[in-house]
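entry_21.cif (mmCIF, C-alpha atoms, pLDDT in the B column; chains and numbers go by the auth columns) appears below.
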data_work
#
loop_
_atom_site.group_PDB
_atom_site.id
_atom_site.type_symbol
_atom_site.label_atom_id
_atom_site.label_comp_id
_atom_site.label_asym_id
_atom_site.label_seq_id
_atom_site.Cartn_x
_atom_site.Cartn_y
_atom_site.Cartn_z
_atom_site.B_iso_or_equiv
_atom_site.auth_seq_id
_atom_site.auth_asym_id
ATOM 1 C CA MET A 1 -0.930 -20.259 9.600 54.00 147 S
ATOM 2 C CA VAL A 2 -0.810 -23.597 11.308 55.00 148 S
ATOM 3 C CA ALA A 3 0.580 -26.852 9.984 62.00 149 S
ATOM 4 C CA LEU A 4 -2.282 -28.630 8.319 76.00 150 S
ATOM 5 C CA LEU A 5 -1.095 -32.203 8.657 83.00 151 S
ATOM 6 C CA LYS A 6 -1.929 -33.661 12.038 83.00 152 S
ATOM 7 C CA GLU A 7 0.020 -36.382 13.836 82.00 153 S
ATOM 8 C CA ASP A 8 -2.434 -39.095 12.777 86.00 154 S
ATOM 9 C CA GLY A 9 -2.029 -38.031 9.150 87.00 155 S
ATOM 10 C CA GLN A 10 -5.344 -36.203 8.827 89.00 156 S
ATOM 11 C CA PHE A 11 -5.177 -33.099 6.701 88.00 157 S
ATOM 12 C CA THR A 12 -7.149 -30.021 7.729 84.00 158 S
ATOM 13 C CA PRO A 13 -7.613 -27.635 4.830 80.00 159 S
ATOM 14 C CA MET A 14 -7.109 -23.938 5.497 84.00 160 S
ATOM 15 C CA PRO A 15 -8.341 -22.128 2.399 88.00 161 S
ATOM 16 C CA VAL A 16 -7.871 -18.667 3.968 92.00 162 S
ATOM 17 C CA VAL A 17 -5.012 -17.466 6.178 92.00 163 S
ATOM 18 C CA GLN A 18 -5.757 -14.157 7.906 90.00 164 S
ATOM 19 C CA ASP A 19 -2.339 -12.802 8.786 91.00 165 S
ATOM 20 C CA THR A 20 -1.386 -9.245 7.895 90.00 166 S
ATOM 21 C CA GLN A 21 2.318 -9.767 8.505 91.00 167 S
ATOM 22 C CA LYS A 22 2.534 -12.687 6.104 94.00 168 S
ATOM 23 C CA LEU A 23 0.337 -10.893 3.583 94.00 169 S
ATOM 24 C CA LYS A 24 2.604 -7.840 3.766 93.00 170 S
ATOM 25 C CA GLN A 25 5.710 -9.957 3.220 95.00 171 S
ATOM 26 C CA LEU A 26 4.161 -11.632 0.185 97.00 172 S
ATOM 27 C CA ILE A 27 3.039 -8.315 -1.316 96.00 173 S
ATOM 28 C CA GLU A 28 6.490 -6.790 -0.841 95.00 174 S
ATOM 29 C CA THR A 29 8.065 -9.583 -2.900 97.00 175 S
ATOM 30 C CA MET A 30 5.720 -8.771 -5.798 96.00 176 S
ATOM 31 C CA THR A 31 7.748 -5.707 -6.682 96.00 177 S
ATOM 32 C CA GLU A 32 11.054 -7.598 -6.758 97.00 178 S
ATOM 33 C CA LYS A 33 12.607 -8.663 -10.022 97.00 179 S
ATOM 34 C CA PRO A 34 12.171 -12.446 -10.377 98.00 180 S
ATOM 35 C CA THR A 35 15.399 -14.294 -9.812 98.00 181 S
ATOM 36 C CA ALA A 36 16.282 -17.914 -10.505 98.00 182 S
ATOM 37 C CA PRO A 37 17.429 -19.526 -7.246 98.00 183 S
ATOM 38 C CA ARG A 38 20.759 -21.168 -8.057 98.00 184 S
ATOM 39 C CA GLY A 39 20.005 -24.285 -6.009 98.00 185 S
ATOM 40 C CA LEU A 40 16.746 -24.775 -7.847 98.00 186 S
ATOM 41 C CA VAL A 41 18.353 -24.404 -11.270 98.00 187 S
ATOM 42 C CA GLU A 42 20.906 -27.053 -10.279 97.00 188 S
ATOM 43 C CA ALA A 43 18.157 -29.327 -8.939 97.00 189 S
ATOM 44 C CA ILE A 44 16.204 -29.076 -12.197 97.00 190 S
ATOM 45 C CA ARG A 45 19.292 -29.885 -14.252 96.00 191 S
ATOM 46 C CA ALA A 46 20.282 -32.778 -11.974 96.00 192 S
ATOM 47 C CA THR A 47 16.763 -34.226 -12.163 96.00 193 S
ATOM 48 C CA ARG A 48 16.728 -34.060 -15.946 95.00 194 S
ATOM 49 C CA LYS A 49 20.127 -35.710 -16.123 95.00 195 S
ATOM 50 C CA GLU A 50 19.256 -38.521 -13.742 95.00 196 S
ATOM 51 C CA TYR A 51 15.616 -39.235 -14.605 96.00 197 S
ATOM 52 C CA LEU A 52 13.540 -39.587 -17.727 96.00 198 S
ATOM 53 C CA VAL A 53 10.284 -38.167 -16.418 96.00 199 S
ATOM 54 C CA LYS A 54 6.811 -38.669 -17.818 96.00 200 S
ATOM 55 C CA SER A 55 4.242 -36.557 -16.019 96.00 201 S
ATOM 56 C CA LYS A 56 0.480 -36.555 -16.426 92.00 202 S
ATOM 57 C CA MET B 1 21.604 -44.091 -18.198 76.00 146 C
ATOM 58 C CA SER B 2 18.546 -42.195 -16.978 88.00 147 C
ATOM 59 C CA GLN B 3 15.940 -43.912 -14.844 93.00 148 C
ATOM 60 C CA ASP B 4 12.315 -43.857 -16.054 96.00 149 C
ATOM 61 C CA ILE B 5 9.955 -42.176 -13.610 97.00 150 C
ATOM 62 C CA ARG B 6 6.201 -41.659 -14.035 97.00 151 C
ATOM 63 C CA PHE B 7 4.346 -38.944 -12.177 98.00 152 C
ATOM 64 C CA GLU B 8 0.586 -39.469 -12.170 98.00 153 C
ATOM 65 C CA PRO B 9 -2.509 -38.705 -10.112 98.00 154 C
ATOM 66 C CA LEU B 10 -3.132 -41.131 -7.256 98.00 155 C
ATOM 67 C CA ASP B 11 -5.441 -43.872 -8.473 97.00 156 C
ATOM 68 C CA GLY B 12 -5.506 -47.002 -6.353 96.00 157 C
ATOM 69 C CA HIS B 13 -1.729 -47.268 -6.105 97.00 158 C
ATOM 70 C CA PRO B 14 -0.658 -49.640 -3.301 97.00 159 C
ATOM 71 C CA ARG B 15 0.534 -47.561 -0.342 97.00 160 C
ATOM 72 C CA GLU B 16 0.571 -49.918 2.640 95.00 161 C
ATOM 73 C CA ALA B 17 4.332 -50.421 2.484 94.00 162 C
ATOM 74 C CA PHE B 18 5.240 -46.769 1.984 96.00 163 C
ATOM 75 C CA SER B 19 7.600 -45.638 4.684 96.00 164 C
ATOM 76 C CA CYS B 20 9.147 -42.233 5.319 93.00 165 C
ATOM 77 C CA LYS B 21 10.904 -40.380 8.121 88.00 166 C
ATOM 78 C CA HIS B 22 7.888 -38.380 9.224 88.00 167 C
ATOM 79 C CA ARG B 23 5.121 -40.359 10.863 90.00 168 C
ATOM 80 C CA SER B 24 2.329 -37.897 10.067 90.00 169 C
ATOM 81 C CA ILE B 25 3.215 -37.888 6.362 93.00 170 C
ATOM 82 C CA GLN B 26 3.423 -41.669 6.281 95.00 171 C
ATOM 83 C CA HIS B 27 0.035 -41.971 7.998 95.00 172 C
ATOM 84 C CA PHE B 28 -1.430 -39.418 5.678 95.00 173 C
ATOM 85 C CA PHE B 29 -0.269 -41.234 2.562 97.00 174 C
ATOM 86 C CA ARG B 30 -1.297 -44.674 3.724 97.00 175 C
ATOM 87 C CA LYS B 31 -4.632 -43.786 5.290 96.00 176 C
ATOM 88 C CA TRP B 32 -6.030 -40.482 4.048 96.00 177 C
ATOM 89 C CA ALA B 33 -4.475 -39.658 0.693 97.00 178 C
ATOM 90 C CA GLU B 34 -6.971 -41.491 -1.538 97.00 179 C
ATOM 91 C CA GLU B 35 -9.990 -39.956 0.212 96.00 180 C
ATOM 92 C CA ASN B 36 -8.470 -36.457 0.102 95.00 181 C
ATOM 93 C CA HIS B 37 -7.625 -36.878 -3.560 97.00 182 C
ATOM 94 C CA CYS B 38 -11.043 -38.197 -4.579 97.00 183 C
ATOM 95 C CA ASN B 39 -12.993 -35.467 -2.790 95.00 184 C
ATOM 96 C CA TYR B 40 -10.650 -32.754 -4.118 95.00 185 C
ATOM 97 C CA LYS B 41 -9.606 -31.580 -0.678 93.00 186 C
ATOM 98 C CA GLN B 42 -6.131 -31.910 -2.143 95.00 187 C
ATOM 99 C CA ARG B 43 -4.690 -33.522 -5.261 97.00 188 C
ATOM 100 C CA ILE B 44 -2.097 -36.223 -4.748 98.00 189 C
ATOM 101 C CA PHE B 45 0.527 -37.091 -7.352 98.00 190 C
ATOM 102 C CA VAL B 46 2.670 -40.198 -7.061 98.00 191 C
ATOM 103 C CA ALA B 47 6.039 -41.093 -8.558 98.00 192 C
ATOM 104 C CA CYS B 48 6.541 -44.654 -9.807 97.00 193 C
ATOM 105 C CA ALA B 49 9.672 -46.196 -11.305 96.00 194 C
ATOM 106 C CA GLY B 50 9.464 -47.865 -14.720 94.00 195 C
ATOM 107 C CA ASP B 51 6.288 -49.963 -15.006 94.00 196 C
ATOM 108 C CA GLU B 52 5.899 -50.400 -11.254 96.00 197 C
ATOM 109 C CA LYS B 53 2.601 -49.503 -9.617 96.00 198 C
ATOM 110 C CA THR B 54 3.995 -49.013 -6.110 97.00 199 C
ATOM 111 C CA PRO B 55 4.842 -45.351 -5.456 97.00 200 C
ATOM 112 C CA ILE B 56 8.367 -44.392 -4.448 97.00 201 C
ATOM 113 C CA GLY B 57 7.312 -40.858 -3.597 97.00 202 C
ATOM 114 C CA PHE B 58 4.409 -38.444 -3.689 97.00 203 C
ATOM 115 C CA TYR B 59 3.364 -34.861 -3.166 97.00 204 C
ATOM 116 C CA SER B 60 0.035 -33.153 -2.481 97.00 205 C
ATOM 117 C CA LEU B 61 -1.267 -29.774 -3.595 97.00 206 C
ATOM 118 C CA THR B 62 -4.116 -27.540 -2.511 96.00 207 C
ATOM 119 C CA LEU B 63 -4.952 -23.835 -2.609 95.00 208 C
ATOM 120 C CA MET B 64 -4.584 -21.224 0.102 95.00 209 C
ATOM 121 C CA THR B 65 -5.313 -17.487 0.125 96.00 210 C
ATOM 122 C CA PHE B 66 -3.549 -14.988 2.376 95.00 211 C
ATOM 123 C CA GLU B 67 -5.464 -11.929 3.513 93.00 212 C
ATOM 124 C CA SER B 68 -5.180 -9.374 6.317 91.00 213 C
ATOM 125 C CA SER B 69 -6.103 -10.062 9.928 86.00 214 C
ATOM 126 C CA MET B 70 -9.471 -8.938 11.193 76.00 215 C
ATOM 127 C CA ASP B 71 -7.998 -6.880 14.047 72.00 216 C
ATOM 128 C CA GLU B 72 -7.606 -3.111 14.200 65.00 217 C
ATOM 129 C CA LYS B 73 -3.842 -3.332 13.893 66.00 218 C
ATOM 130 C CA ALA B 74 -4.077 -4.271 10.246 63.00 219 C
ATOM 131 C CA GLU B 75 -2.969 -1.400 8.058 72.00 220 C
ATOM 132 C CA ALA B 76 -5.822 -0.168 5.904 78.00 221 C
ATOM 133 C CA LYS B 77 -3.826 -0.507 2.704 79.00 222 C
ATOM 134 C CA TYR B 78 -3.754 -4.292 3.136 83.00 223 C
ATOM 135 C CA ASN B 79 -7.430 -4.681 3.915 81.00 224 C
ATOM 136 C CA ASP B 80 -8.564 -5.411 0.404 83.00 225 C
ATOM 137 C CA ARG B 81 -5.528 -7.372 -0.718 91.00 226 C
ATOM 138 C CA MET B 82 -5.543 -11.120 -1.118 95.00 227 C
ATOM 139 C CA VAL B 83 -2.733 -13.325 -2.333 97.00 228 C
ATOM 140 C CA PRO B 84 -3.668 -16.753 -3.712 97.00 229 C
ATOM 141 C CA MET B 85 -1.065 -19.477 -3.254 98.00 230 C
ATOM 142 C CA ILE B 86 -0.612 -23.192 -3.815 98.00 231 C
ATOM 143 C CA TYR B 87 0.094 -25.104 -0.608 96.00 232 C
ATOM 144 C CA ILE B 88 2.239 -28.237 -0.681 96.00 233 C
ATOM 145 C CA GLY B 89 0.602 -30.346 2.026 94.00 234 C
ATOM 146 C CA ALA B 90 3.235 -33.073 1.918 95.00 235 C
ATOM 147 C CA LEU B 91 6.167 -34.171 -0.203 96.00 236 C
ATOM 148 C CA ALA B 92 8.052 -37.375 0.582 95.00 237 C
ATOM 149 C CA ARG B 93 10.087 -40.202 -0.895 95.00 238 C
ATOM 150 C CA ASP B 94 10.145 -43.768 0.347 96.00 239 C
ATOM 151 C CA ARG B 95 12.942 -44.184 2.915 93.00 240 C
ATOM 152 C CA GLU B 96 13.998 -47.468 1.255 89.00 241 C
ATOM 153 C CA LEU B 97 14.911 -45.581 -1.904 87.00 242 C
ATOM 154 C CA SER B 98 18.635 -45.824 -2.525 80.00 243 C
ATOM 155 C CA ASN B 99 18.884 -42.323 -3.963 83.00 244 C
ATOM 156 C CA PRO B 100 18.326 -39.716 -1.231 78.00 245 C
ATOM 157 C CA GLY B 101 18.314 -36.991 -3.897 86.00 246 C
ATOM 158 C CA PHE B 102 14.980 -38.142 -5.296 95.00 247 C
ATOM 159 C CA GLY B 103 13.298 -35.383 -3.310 95.00 248 C
ATOM 160 C CA GLN B 104 14.464 -32.813 -5.835 96.00 249 C
ATOM 161 C CA ALA B 105 12.792 -34.806 -8.629 97.00 250 C
ATOM 162 C CA LEU B 106 9.547 -34.676 -6.642 98.00 251 C
ATOM 163 C CA LEU B 107 9.964 -30.952 -6.107 98.00 252 C
ATOM 164 C CA THR B 108 10.784 -30.320 -9.767 98.00 253 C
ATOM 165 C CA ASP B 109 7.607 -32.087 -10.919 98.00 254 C
ATOM 166 C CA ALA B 110 5.523 -30.293 -8.282 98.00 255 C
ATOM 167 C CA PHE B 111 6.943 -26.954 -9.452 98.00 256 C
ATOM 168 C CA GLU B 112 6.208 -27.696 -13.112 98.00 257 C
ATOM 169 C CA ARG B 113 2.639 -28.601 -12.211 98.00 258 C
ATOM 170 C CA CYS B 114 2.270 -25.403 -10.169 98.00 259 C
ATOM 171 C CA LEU B 115 3.507 -23.344 -13.116 98.00 260 C
ATOM 172 C CA THR B 116 0.779 -24.922 -15.277 98.00 261 C
ATOM 173 C CA VAL B 117 -1.789 -24.015 -12.620 97.00 262 C
ATOM 174 C CA ARG B 118 -0.418 -20.469 -12.533 97.00 263 C
ATOM 175 C CA GLU B 119 -0.997 -20.071 -16.286 97.00 264 C
ATOM 176 C CA ASN B 120 -4.577 -21.300 -15.995 97.00 265 C
ATOM 177 C CA VAL B 121 -5.899 -20.148 -12.641 95.00 266 C
ATOM 178 C CA GLY B 122 -3.765 -17.319 -11.300 92.00 267 C
ATOM 179 C CA VAL B 123 -1.717 -17.991 -8.197 97.00 268 C
ATOM 180 C CA TYR B 124 1.233 -16.020 -6.893 98.00 269 C
ATOM 181 C CA GLY B 125 3.450 -18.582 -5.235 98.00 270 C
ATOM 182 C CA ILE B 126 3.836 -21.775 -3.276 98.00 271 C
ATOM 183 C CA SER B 127 3.726 -22.121 0.500 97.00 272 C
ATOM 184 C CA LEU B 128 4.448 -25.050 2.793 95.00 273 C
ATOM 185 C CA HIS B 129 5.497 -26.058 6.277 93.00 274 C
ATOM 186 C CA ALA B 130 8.953 -27.593 6.449 93.00 275 C
ATOM 187 C CA ALA B 131 8.991 -30.668 8.700 88.00 276 C
ATOM 188 C CA ASN B 132 11.763 -29.148 10.847 89.00 277 C
ATOM 189 C CA ASP B 133 14.607 -26.607 10.726 91.00 278 C
ATOM 190 C CA ARG B 134 16.943 -28.983 8.880 91.00 279 C
ATOM 191 C CA VAL B 135 14.356 -29.530 6.120 92.00 280 C
ATOM 192 C CA ALA B 136 13.732 -25.766 6.057 94.00 281 C
ATOM 193 C CA GLU B 137 17.416 -25.243 5.208 96.00 282 C
ATOM 194 C CA ILE B 138 17.030 -27.607 2.251 95.00 283 C
ATOM 195 C CA TYR B 139 13.978 -25.700 1.025 97.00 284 C
ATOM 196 C CA LYS B 140 15.907 -22.441 1.456 97.00 285 C
ATOM 197 C CA SER B 141 18.589 -23.793 -0.866 97.00 286 C
ATOM 198 C CA TYR B 142 15.861 -24.147 -3.525 98.00 287 C
ATOM 199 C CA GLY B 143 14.749 -20.529 -3.064 98.00 288 C
ATOM 200 C CA PHE B 144 12.044 -20.804 -0.423 98.00 289 C
ATOM 201 C CA ARG B 145 11.930 -17.986 2.129 97.00 290 C
ATOM 202 C CA GLY B 146 10.774 -18.221 5.705 96.00 291 C
ATOM 203 C CA PHE B 147 7.857 -16.095 6.793 94.00 292 C
ATOM 204 C CA GLU B 148 9.347 -13.458 9.037 84.00 293 C
ATOM 205 C CA ASP B 149 6.847 -13.399 11.871 68.00 294 C
ATOM 206 C CA GLY B 150 8.908 -15.824 13.894 54.00 295 C
ATOM 207 C CA GLN B 151 5.935 -18.072 14.559 57.00 296 C
ATOM 208 C CA HIS B 152 6.846 -21.710 14.170 58.00 297 C
ATOM 209 C CA GLN B 153 4.236 -24.377 14.464 63.00 298 C
ATOM 210 C CA LYS B 154 5.334 -27.393 16.488 65.00 299 C
ATOM 211 C CA ASP B 155 4.446 -30.994 15.809 61.00 300 C
ATOM 212 C CA ASN B 156 3.580 -33.461 18.579 60.00 301 C
ATOM 213 C CA ASP B 157 7.267 -34.263 19.122 62.00 302 C
ATOM 214 C CA GLY B 158 8.035 -30.593 19.692 65.00 303 C
ATOM 215 C CA ASN B 159 9.789 -30.091 16.361 66.00 304 C
ATOM 216 C CA GLU B 160 9.564 -26.649 14.827 72.00 305 C
ATOM 217 C CA MET B 161 7.731 -26.560 11.501 86.00 306 C
ATOM 218 C CA PRO B 162 8.671 -23.285 9.772 92.00 307 C
ATOM 219 C CA ALA B 163 6.142 -21.787 7.329 94.00 308 C
ATOM 220 C CA MET B 164 7.809 -20.894 4.020 96.00 309 C
ATOM 221 C CA PHE B 165 7.008 -19.601 0.536 98.00 310 C
ATOM 222 C CA ILE B 166 8.490 -19.052 -2.904 98.00 311 C
ATOM 223 C CA PRO B 167 7.103 -16.753 -5.626 98.00 312 C
ATOM 224 C CA LEU B 168 6.245 -18.734 -8.770 98.00 313 C
ATOM 225 C CA ALA B 169 7.933 -16.012 -10.817 98.00 314 C
ATOM 226 C CA ASP B 170 11.240 -17.184 -9.295 98.00 315 C
ATOM 227 C CA VAL B 171 10.379 -20.800 -10.116 98.00 316 C
ATOM 228 C CA ALA B 172 9.562 -19.864 -13.722 98.00 317 C
ATOM 229 C CA GLU B 173 12.868 -18.011 -13.954 98.00 318 C
ATOM 230 C CA ALA B 174 14.731 -21.079 -12.676 98.00 319 C
ATOM 231 C CA PHE B 175 13.180 -23.342 -15.333 98.00 320 C
ATOM 232 C CA LYS B 176 14.013 -20.751 -17.998 98.00 321 C
ATOM 233 C CA GLN B 177 17.622 -20.671 -16.856 97.00 322 C
ATOM 234 C CA ALA B 178 17.856 -24.474 -16.606 97.00 323 C
ATOM 235 C CA ASP B 179 16.457 -24.769 -20.150 94.00 324 C
ATOM 236 C CA SER B 180 18.761 -22.146 -21.619 92.00 325 C
ATOM 237 C CA ALA B 181 21.875 -24.029 -20.576 58.00 326 C
ATOM 238 C CA GLU B 182 20.742 -27.390 -21.976 58.00 327 C
#
For this file, write the structure as structure tokens.
Amino acid sequence: MVALLKEDGQFTPMPVVQDTQKLKQLIETMTEKPTAPRGLVEAIRATRKEYLVKSK
Amino acid sequence: MSQDIRFEPLDGHPREAFSCKHRSIQHFFRKWAEENHCNYKQRIFVACAGDEKTPIGFYSLTLMTFESSMDEKAEAKYNDRMVPMIYIGALARDRELSNPGFGQALLTDAFERCLTVRENVGVYGISLHAANDRVAEIYKSYGFRGFEDGQHQKDNDGNEMPAMFIPLADVAEAFKQADSAE
């Protein structure tokens, strides 16, 4: 899996990544119980406190 | 008092003055973003303050599927497995912005959009390349995990660009928890 943004800003799409080790790691997380990352919960709350967001 | 922020698809927003720490991201946004957005190579979403048209930040999304390698080392049980993900191609705020914490507002909107995609298309998580190890630590604090293969892509300045991911189930759980306390 290579970085897709080149130095001149061009983006090279990589729709498929063939990498068993990464695939294995992703699949292993599928059996874990979902957990709310504390830092993310705080970031969501801080954003809602500081900004009135309209998204479309 | 809260500041009004609009997130919307890129649509002729002026980008010539946009400036950020990472040259490749700045070049991308100024030069290639509109073309990429219009031909659906990626979708670009900009953040604008109040009624302003000039973006103060943006992020880009595309899809990526992980599957096993073609070599003989691949364990048979992974041969037919594929994991679809959303890839964040870039996420950046303007460096002139007085609030350095605006990045988490960008990330929050990107995550909400990815959760909508997940309900409609079926994707497992989000992946990205952090611009360097310091940025990777920030993403880790939001729940991203580094891929464990130890391979780090380097940019032209020799900076490591760690590949990372987060399951969208964890993101959904975080929004649920954030909502429950409000």
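Closest approach to Ser201 of chain S among C:Glu180, C:Glu257, C:Asp278, C:Asp225 is made by C:Glu257 (distances from all atoms listed in the file).
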List every residue of chain S that has an atom at most 7 Å from any atom of chain C, giving for each one its closest atom pair and the distance in Å to one decimal, counting all atoms listed in the file, sorted by chain and then by ascending residue number, as a tab-separated table.
residue	atom	partner	partner_atom	distance
S:Val148	CA	C:Gln298	CA	6.0
S:Ala149	CA	C:His274	CA	6.2
S:Leu151	CA	C:Ser169	CA	6.8
S:Lys152	CA	C:Ser169	CA	6.3
S:Glu153	CA	C:Ser169	CA	4.7
S:Asp154	CA	C:Ser169	CA	5.6
S:Gly155	CA	C:Phe173	CA	3.8
S:Gln156	CA	C:Phe173	CA	6.0
S:Met160	CA	C:Met209	CA	6.5
S:Pro161	CA	C:Met209	CA	4.5
S:Val162	CA	C:Thr210	CA	4.8
S:Val163	CA	C:Phe211	CA	4.8
S:Gln164	CA	C:Ser214	CA	4.6
S:Asp165	CA	C:Ser214	CA	4.8
S:Thr166	CA	C:Ser213	CA	4.1
S:Gln167	CA	C:Asp294	CA	6.7
S:Lys168	CA	C:Phe292	CA	6.4
S:Leu169	CA	C:Phe211	CA	5.8
S:Pro180	CA	C:Asp315	CA	4.9
S:Thr181	CA	C:Asp315	CA	5.1
S:Ala182	CA	C:Ala319	CA	4.1
S:Pro183	CA	C:Gly288	CA	5.1
S:Gly185	CA	C:Tyr287	CA	4.8
S:Leu186	CA	C:Tyr287	CA	4.5
S:Val187	CA	C:Ala319	CA	5.1
S:Ala189	CA	C:Gln249	CA	6.0
S:Ile190	CA	C:Thr253	CA	6.1
S:Arg191	CA	C:Ala323	CA	6.1
S:Thr193	CA	C:Ala250	CA	5.3
S:Lys195	CA	C:Ser147	CA	6.7
S:Glu196	CA	C:Ser147	CA	4.9
S:Tyr197	CA	C:Gln148	CA	4.7
S:Leu198	CA	C:Asp149	CA	4.7
S:Val199	CA	C:Ile150	CA	4.9
S:Lys200	CA	C:Arg151	CA	4.9
S:Ser201	CA	C:Phe152	CA	4.5
S:Lys202	CA	C:Glu153	CA	5.2
*Mind pulling up the distance from atom CA of Ala237 of chain C to atom CA of Ile271 of chain C?*
16.6 Å
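If you measure from each of C:Thr261, C:Arg188, C:His158, C:Cys183 to Ser205 of chain C using only C-alpha atoms, the closest one turns out to be C:Arg188.
Computed from the coordinates, the atom CA of Thr177 of chain S to atom CA of Cys259 of chain C distance equals 20.7 Å.
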Would you give the centre and edge lengths, in Å to one decimal, of a box along x, y and z around the listed atoms of segment 151-161 of chain S, with 3 Å added to each side, as AutoDock Vina command-line options?
--center_x -4.2 --center_y -30.6 --center_z 8.1 --size_x 14.4 --size_y 23.0 --size_z 17.4
*Measure the distance from atom CA of Val266 of chain C to atom CA of Arg238 of chain C in Å and round it to one decimal.*
28.2 Å
